[in-house]
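> There's a structure below that I have some questions on.
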Amino acid sequence: MTLREIVEADYPRVQDLHRSVGWPERSLAGWRWLHANPARLDIGAPAGWVADGPDGEPAAHVGNLIQRFRLGGRRLHGATGFSIIVTASVRGTSRHMLKTFTSQPDVFVRYTLNANSTSQPLYARHGMLAWPEQTHALKLSWVVDPLPLALSRLWRRLYAAAPRAVSGLGEQLMNDRLGRVARPALPPGVSLLADFGDASPYAAFWQALTDEGRLLADRSPEIQRWRLQDPDLSQRPLILAFERDGAVVAYAMAMMAKSNILEPPVLEVIDLEALQPHADTIPVLMTALRDAARAMGAAKLRLPMVTPRDLLRLGDFARTARREGGWGHCHVQFSEDAPDPALWSPTPYDGDYAICLRPVPLERAARGARAPRAAPATASKA
């Protein structure tokens, strides 16, 4: 089966593929926004690959999200694969897709931080290692409202007994706090962050972060502005800053998401970073996020991928968290000339979470949306 680079004319069919497996669909504007990723344009990498079926239309897809990285004064690039979808007419193509993804040039690392339990065995067969060794299968969460979580378990049991009837009921577990502008009571030192100008306090924080010499996914004001322009966001991410002596020394970003019609809304932590001397601010930011989750209508706060460094910085938050996951959702393949992996402690920001989470469907729920139509397919969130 021959793969080819995805082009704009493929986007409607790629949307159909996502719909067929019940995954979040991007608008055409959303696909164009992804295609305009500044990091991808740096190296001219494909935005993804498709394989055509017997009718000449895409029947399989894998996305290719390129990220800039900084190591001191060096600029590097990495690639994270996302949304592997293979229909029955081109069964077996996933192996070719992963081989193409892992052999692409001009990146020091190819990885996923968001594999599902079904897809995760594929990565080891293609030279990708479960990493970090201690935490590649760990997610952390903190319950904010237990009732929707209990109701979700009940809905899933009903769905197992009568999937067509339950799907026809549309979106469940919505509440009247969803979509409101979040104005949580914030701890001292914490404020809402909205200024990502090139001369902003956040820009100074980013420069200080790069000066520490760690390997970091690019959080520059330019990239943050591009991320916040995603046309498919149903609400702006919650972004918090911690300031000391007039300077930003830590920040957090979180997004409201609802993985399907039977799951409750969750506030997903996308990023959590602090300058080395100010690691004590991480629990304070987590406290603010947990309080905001309640105000925003989330059933829980979740950190969907964790490193050993995170566990240390979270302190009591790590000890009181629910352990989720249980499979190797983080896999990497480093190039031979890659920097020391010990310099990299990724957060969910480094993965595909910001583009693959299903936004809370505020408008669709208001219109009485129905569940996506199911179709025979093999799908892997890569």
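Quick note on naming: the chains in the structure tokens go A, B, ... in the order shown, residues restart at 1 in each chain, and ligands are numbered from 1 in order of appearance.
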Any chance you could list, as a count of residues only, the residues in segment 65-218 of chain A that come up alpha helix (DSSP H) when DSSP is run on the backbone?
47
> Wanna dump the segment 266-309 of chain A-segment 319-331 of chain A contacts at 10 Å for me, each residue with its shortest atom pair and the distance in Å to one decimal, counting only C-alpha atoms, ordered by chain and number, as JSON lines?

```
{"residue": "A:Leu301", "atom": "CA", "partner": "A:Ala321", "partner_atom": "CA", "distance": 9.8}
{"residue": "A:Arg302", "atom": "CA", "partner": "A:Ala321", "partner_atom": "CA", "distance": 9.1}
{"residue": "A:Leu303", "atom": "CA", "partner": "A:Glu324", "partner_atom": "CA", "distance": 9.6}
{"residue": "A:Pro304", "atom": "CA", "partner": "A:Gly325", "partner_atom": "CA", "distance": 8.3}
{"residue": "A:Met305", "atom": "CA", "partner": "A:Cys330", "partner_atom": "CA", "distance": 7.9}
{"residue": "A:Val306", "atom": "CA", "partner": "A:Cys330", "partner_atom": "CA", "distance": 9.5}
```
> Identify which of the residues A:Asn260, A:Asn116, A:Ser220, A:Thr93 lies closest to Gly22 of chain A, counting only C-alpha atoms when measuring atom-to-atom distances.
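The answer is A:Asn260, which sits nearest to Gly22 of chain A.
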> Each residue of segment 56-83 of chain A lying at most 8 Å from segment 339-354 of chain A should get a row with its shortest atom-to-atom pair and the distance in Å to one decimal, counting only C-alpha atoms; could you produce that, ordered by chain and increasing number, as a Markdown table?

```
| residue | atom | partner | partner_atom | distance |
| --- | --- | --- | --- | --- |
| A:Leu65 | CA | A:Asp352 | CA | 7.3 |
| A:Gln67 | CA | A:Asp350 | CA | 7.6 |
| A:Thr80 | CA | A:Gly351 | CA | 6.3 |
| A:Gly81 | CA | A:Asp352 | CA | 7.8 |
| A:Phe82 | CA | A:Asp352 | CA | 6.6 |
```
> Filtering to all heavy atoms, could you give me those residues as a compact mmCIF listing (two decimals), in the first residue's frame?

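Saved the output as result_19.txt:
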```txt
# COMPACT_ATOMS: atom_id res chain seq x y z
N LEU A 65 2.61 15.96 13.85
CA LEU A 65 2.71 17.26 14.51
C LEU A 65 4.18 17.55 14.80
O LEU A 65 4.81 16.86 15.61
CB LEU A 65 1.90 17.28 15.80
CG LEU A 65 1.97 18.57 16.61
CD1 LEU A 65 1.36 19.74 15.85
CD2 LEU A 65 1.27 18.41 17.96
N GLN A 67 7.10 19.86 16.39
CA GLN A 67 7.30 20.86 17.43
C GLN A 67 8.73 21.34 17.40
O GLN A 67 9.67 20.56 17.18
CB GLN A 67 7.01 20.26 18.81
CG GLN A 67 5.56 19.91 19.03
CD GLN A 67 5.08 20.38 20.40
OE1 GLN A 67 5.10 21.58 20.69
NE2 GLN A 67 4.64 19.47 21.22
N THR A 80 5.58 14.35 16.73
CA THR A 80 4.66 13.46 17.43
C THR A 80 3.55 13.03 16.48
O THR A 80 2.94 13.85 15.79
CB THR A 80 4.08 14.13 18.71
OG1 THR A 80 3.24 13.21 19.38
CG2 THR A 80 3.30 15.37 18.40
N GLY A 81 3.33 11.73 16.39
CA GLY A 81 2.29 11.19 15.52
C GLY A 81 0.95 11.23 16.22
O GLY A 81 0.86 11.10 17.45
N PHE A 82 -0.11 11.40 15.45
CA PHE A 82 -1.44 11.43 16.07
C PHE A 82 -2.48 10.89 15.09
O PHE A 82 -2.30 10.92 13.87
CB PHE A 82 -1.82 12.85 16.51
CG PHE A 82 -2.02 13.84 15.40
CD1 PHE A 82 -3.29 14.09 14.89
CD2 PHE A 82 -0.95 14.53 14.85
CE1 PHE A 82 -3.49 15.01 13.86
CE2 PHE A 82 -1.14 15.46 13.83
CZ PHE A 82 -2.41 15.69 13.33
```
> Give me every strand (DSSP E) residue in segment 21-245 of chain A, going by DSSP on the backbone, as an MDAnalysis selection string.
chainID A and resid 48:52 58:71 74:87 109:112 129:130 138:143 190:192 215:217 238:244
> Could you jot down the atom CA of Leu192 of chain A to atom CA of Ala292 of chain A separation for me, Å, one decimal place?
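Calculated distance between atom CA of Leu192 of chain A and atom CA of Ala292 of chain A is 11.2 Å.
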> Calculated over only C-alpha atoms, which of the candidates A:Ala318, A:Asp280, A:Ser89, A:Leu275 has the smallest distance to Ala247 of chain A?
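Counting only C-alpha atoms, the residue closest to Ala247 of chain A is A:Leu275.
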> Measuring atom to atom with only C-alpha atoms, identify which of A:Arg32, A:Ser20, A:Phe101, A:Gly73 is nearest to Gln333 of chain A.
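Answer, going by the shortest atom-to-atom distance: A:Phe101.
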> Using only C-alpha atoms, which of the listed residues (A:Val332, A:Leu362, A:Leu169, A:Ala79) sits closest to Ala115 of chain A?
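That would be A:Val332, the residue with the smallest distance to Ala115 of chain A.
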> Considering only C-alpha atoms, state which residue in the set A:Ile261, A:Leu17, A:Leu314, A:Ile66 is at the smallest distance from Ser167 of chain A.
A:Ile261
